[in-house]
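Working notes for the structure below.
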Amino acid sequence: MCQHGRVHRLAVTLALLMALWTIALPSARDLAPGSTESDGLRIVLDALADRFGPTEREPGFAALRPKLARAGLVPSPMFDDVAAWTTRGDSWRAVELAGSAAGGVYHIGLRAEAPRPAVPGQYRGRMRLERLAAGRFEWTVSDELSIGQARPSDLAGALDTILRVAERSTEVSARAAIAERLPRAAARFGHLLRLETLTLQPDAHGATSVRLAVRLTPDGIRGFAPRYAAFLERYARPVRLSLVVADPGGVTWWTLEAADGLWTVRLRVRDGSLVPLEGPADRRLPGRLRATADLSTRIGRFGVGARRLAADLALTRTPVEKGFSALFLEEPDWQLPFLVETFLDSPLHYPFETPGSEVALTAREAPGGNLLVRHYRARVRETWILRWLGGKVDGAVGDFRRGAESEADLYHRACLLALRDDLASLDASQ
């Protein structure tokens with residue numbers, strides 16, 4: 001676990017870019033040009049472009065990053081490292097980070113007490129490591145990014161607009177809209193992501209079934225980001241995923257599949273809202289769901305994965321906060337090299353023991369500027385074999401940081417700014 005390692009950030013960024021490119025782009029013009037929502041969305045994109053763009057790290061944070069990469073599964077050496085923390089207690093250690101953009105570069109460093117983000121693009125990170133018992137630890141991490149005056153209700157309203165547009169579109173009209181209305185973004189995103197399928201099928205219940213398939217194409221960026229392309233080819237292409245999100249009654253609401261670089265999502269909408277994939281379309285998304293996934297990939301020569309990885313999802317839908325939390329309380333069926341799995345039974349069960357592990361992502365109204373907030377909590381029980389597994393993770397992080405990271409930063413920023421500029425052009429044309 002390296003919360004600020006770019007491997008995790010990379011996955012989040014790619015998911016964001018994919019969602020914006022394949023869903024938001026065809027309907028961007030349907031957001032009222034010149035409106036508060038349209039202006040707010042551009043500010044959000046600016047903030048994300050800053051945060052995920054080229055970064056200059058202060059010496060203290062630069063020294064901390066490799067320690068974090070090694071400490072995710074084996075925290076004890078870092079727990080005892082006095083230089084790694086800005087505050088400490090008898091059984092806990094903590095560090096805070098602050099970040100902001102200046103001169104086209106994002107600056108981030110350690111702080112004893114980081115200020116609350118106020119200006120769009122400003123960031124605060126808080127990390128705490130607690131020793132629960134000998135060899136047993138709990139990580140708690142939160143990230144806050146200021147996104148300006150865009151309210152959670154504005155972002156939710158934009159999503160509703162996107163879903164309504166999907167209901168009255170066809171594949172032909174959606175593809176034409178991408179090329180015509182957002183040419184800069186389509187060109188930038190198109191180097192790495194290719195829209196292979198976009199099926200919009202109305203049914204007898206008044207709903208529209210959506211099937212969206214996007215292929216990861218690292219060769220498309222090899223000319224200007226060769227190390228990033230090689231990293232994606234090695235670590236992203238082997239990922240296989242089958243995810244089903246259902247309600248407590250077992251009714252499926254959407255699915256996500258990934259194999260050989262092709263990511264496919266299936267969902268169904270009516271009147272701007274998600275409805276179950278099958279049957280009558282008069283239900284609305286409940287506040288509690290269950291996500292179940294089979295996931296596998298390769299780390300070096302070894303295949304690793306998990307079957308029936310389950311999370312209980314809770315949606316937050318108040319006027320001032322929109323988001324979700326995922327709570328993991330059930331150990332999956334691990335797919336690991338034989339000798340590794342033999343020694344890992346108890347350590348791999350520990351993160352799922354009550355109170356479990358959790359991840360949450362929310363957009364939240366706050367005085368002085370609204371925030372995107374990410375929260376992470378997980379427990380770790382150390383063993384010598386986890387040191388081996390942690391070494392493999394550290395190797396992937398190292399591969400990313402040796403050249404691929406800087407190329408990824410430049411590319412992600414260019415994509416987000418291209419989308420921002422296209423939205424500005426749409427406003428100016430009205």
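Within each chain, counting starts at residue 1; across the structure tokens, chains are named A, B, ... in the order shown, with ligands numbered 1 upward in that order.
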Do you know which residues are at most 8 Å from Arg420 of chain A counting only C-alpha atoms, after dropping those on the same chain fewer than 4 positions away, and could you put them as a list in words? Arg42, Leu45, Asp46, Leu416 and Ala424 of chain A
Closest atom pairs, segment 272-351 of chain A residues within 9 Å of segment 190-214 of chain A, only C-alpha atoms, as a tab-separated table:
residue	atom	partner	partner_atom	distance
A:Val275	CA	A:Ala207	CA	8.0
A:Leu277	CA	A:Ser209	CA	7.3
A:Gly279	CA	A:His205	CA	7.7
A:Pro280	CA	A:His205	CA	6.0
A:Ala281	CA	A:His205	CA	6.0
A:Asp282	CA	A:His205	CA	8.5
How about saving the chosen residues, C-alpha atoms kept, as an mmCIF file, in the first residue's frame?
data_model
loop_
_atom_site.group_PDB
_atom_site.id
_atom_site.type_symbol
_atom_site.label_atom_id
_atom_site.label_comp_id
_atom_site.auth_asym_id
_atom_site.auth_seq_id
_atom_site.Cartn_x
_atom_site.Cartn_y
_atom_site.Cartn_z
ATOM 1 C CA VAL A 275 -32.589 1.146 -13.315
ATOM 2 C CA LEU A 277 -30.406 -4.321 -16.018
ATOM 3 C CA GLY A 279 -37.193 -6.435 -16.088
ATOM 4 C CA PRO A 280 -39.477 -3.524 -15.147
ATOM 5 C CA ALA A 281 -37.825 -0.106 -15.068
ATOM 6 C CA ASP A 282 -39.914 1.548 -12.351
#
* Asked: If we count only C-alpha atoms, what is near segment 348-357 of chain A at a cut-off of 9 Å, once residues fewer than 5 positions away on the same chain are taken out, given as a list in words?
  -> Arg136, Glu138, Ala326, Leu327, Phe328, Leu329, Glu330, Glu331, Pro332, Trp334, Tyr376, Arg377, Ala378, Arg379, Val380 and Arg381 of chain A
Dump as an mmCIF file, in the first residue's frame, selection limited to N, CA and C atoms:
data_model
loop_
_atom_site.group_PDB
_atom_site.id
_atom_site.type_symbol
_atom_site.label_atom_id
_atom_site.label_comp_id
_atom_site.auth_asym_id
_atom_site.auth_seq_id
_atom_site.Cartn_x
_atom_site.Cartn_y
_atom_site.Cartn_z
ATOM 1 N N ARG A 136 0.677 -6.072 14.094
ATOM 2 C CA ARG A 136 -0.644 -5.742 13.554
ATOM 3 C C ARG A 136 -0.825 -4.224 13.542
ATOM 4 N N GLU A 138 -2.901 -0.623 11.489
ATOM 5 C CA GLU A 138 -4.011 -0.094 10.699
ATOM 6 C C GLU A 138 -3.587 1.216 10.048
ATOM 7 N N ALA A 326 -17.290 1.863 0.389
ATOM 8 C CA ALA A 326 -17.234 0.420 0.157
ATOM 9 C C ALA A 326 -16.570 -0.233 1.358
ATOM 10 N N LEU A 327 -17.287 -1.158 2.002
ATOM 11 C CA LEU A 327 -16.794 -1.842 3.195
ATOM 12 C C LEU A 327 -16.532 -3.302 2.857
ATOM 13 N N PHE A 328 -15.311 -3.769 3.169
ATOM 14 C CA PHE A 328 -14.887 -5.128 2.860
ATOM 15 C C PHE A 328 -14.828 -5.932 4.159
ATOM 16 N N LEU A 329 -15.722 -6.921 4.285
ATOM 17 C CA LEU A 329 -15.820 -7.724 5.509
ATOM 18 C C LEU A 329 -15.662 -9.220 5.251
ATOM 19 N N GLU A 330 -15.523 -9.626 3.991
ATOM 20 C CA GLU A 330 -15.451 -11.042 3.651
ATOM 21 C C GLU A 330 -14.175 -11.325 2.867
ATOM 22 N N GLU A 331 -13.393 -12.246 3.354
ATOM 23 C CA GLU A 331 -12.168 -12.607 2.647
ATOM 24 C C GLU A 331 -12.509 -13.328 1.351
ATOM 25 N N PRO A 332 -11.894 -12.938 0.237
ATOM 26 C CA PRO A 332 -12.146 -13.629 -1.026
ATOM 27 C C PRO A 332 -11.378 -14.944 -1.104
ATOM 28 N N TRP A 334 -8.434 -16.419 -2.594
ATOM 29 C CA TRP A 334 -7.206 -15.918 -3.198
ATOM 30 C C TRP A 334 -6.654 -16.894 -4.230
ATOM 31 N N TYR A 376 -9.488 6.092 3.109
ATOM 32 C CA TYR A 376 -9.016 4.711 2.983
ATOM 33 C C TYR A 376 -8.619 4.219 4.362
ATOM 34 N N ARG A 377 -9.056 3.008 4.717
ATOM 35 C CA ARG A 377 -8.659 2.405 5.990
ATOM 36 C C ARG A 377 -8.484 0.908 5.787
ATOM 37 N N ALA A 378 -7.344 0.378 6.249
ATOM 38 C CA ALA A 378 -7.074 -1.057 6.081
ATOM 39 C C ALA A 378 -6.121 -1.533 7.171
ATOM 40 N N ARG A 379 -6.312 -2.771 7.589
ATOM 41 C CA ARG A 379 -5.459 -3.391 8.596
ATOM 42 C C ARG A 379 -4.474 -4.359 7.936
ATOM 43 N N VAL A 380 -3.325 -4.502 8.576
ATOM 44 C CA VAL A 380 -2.253 -5.352 8.056
ATOM 45 C C VAL A 380 -1.698 -6.194 9.193
ATOM 46 N N ARG A 381 -1.523 -7.483 8.935
ATOM 47 C CA ARG A 381 -0.818 -8.363 9.868
ATOM 48 C C ARG A 381 0.450 -8.853 9.194
#
- Message: Please return, as a PyMOL selection string, all residues of segment 130-320 of chain A that DSSP assigns to strand (DSSP E or B) on the basis of the backbone.
- Response: chain A and resi 130-133+136-148+193-202+208-216+240-246+252-259+262-270+273-274+288-299+302-318
Alpha helix (DSSP H) per DSSP on the backbone: members of segment 148-321 of chain A, as a PyMOL selection string: chain A and resi 152-167+171-181+183-190+226-235
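One distance worth recording is that between atom CA of Ala360 of chain A and atom CA of Ser146 of chain A, which is 16.7 Å.
Using only C-alpha atoms, the contacts of Arg131 of chain A at a cut-off of 12 Å, with sequence neighbours closer than 3 positions omitted, comprise Val74, Pro75, Ser76, Pro77, Met78, Phe79, Asp80, Arg88, Gly89, Asp90, Ser91, Trp92, Arg93, Ala94, Arg128, Ala134, Gly135, Arg136, Phe137, Glu138, Trp139, Thr140, Arg379, Val380, Arg381 and Glu382 of chain A.
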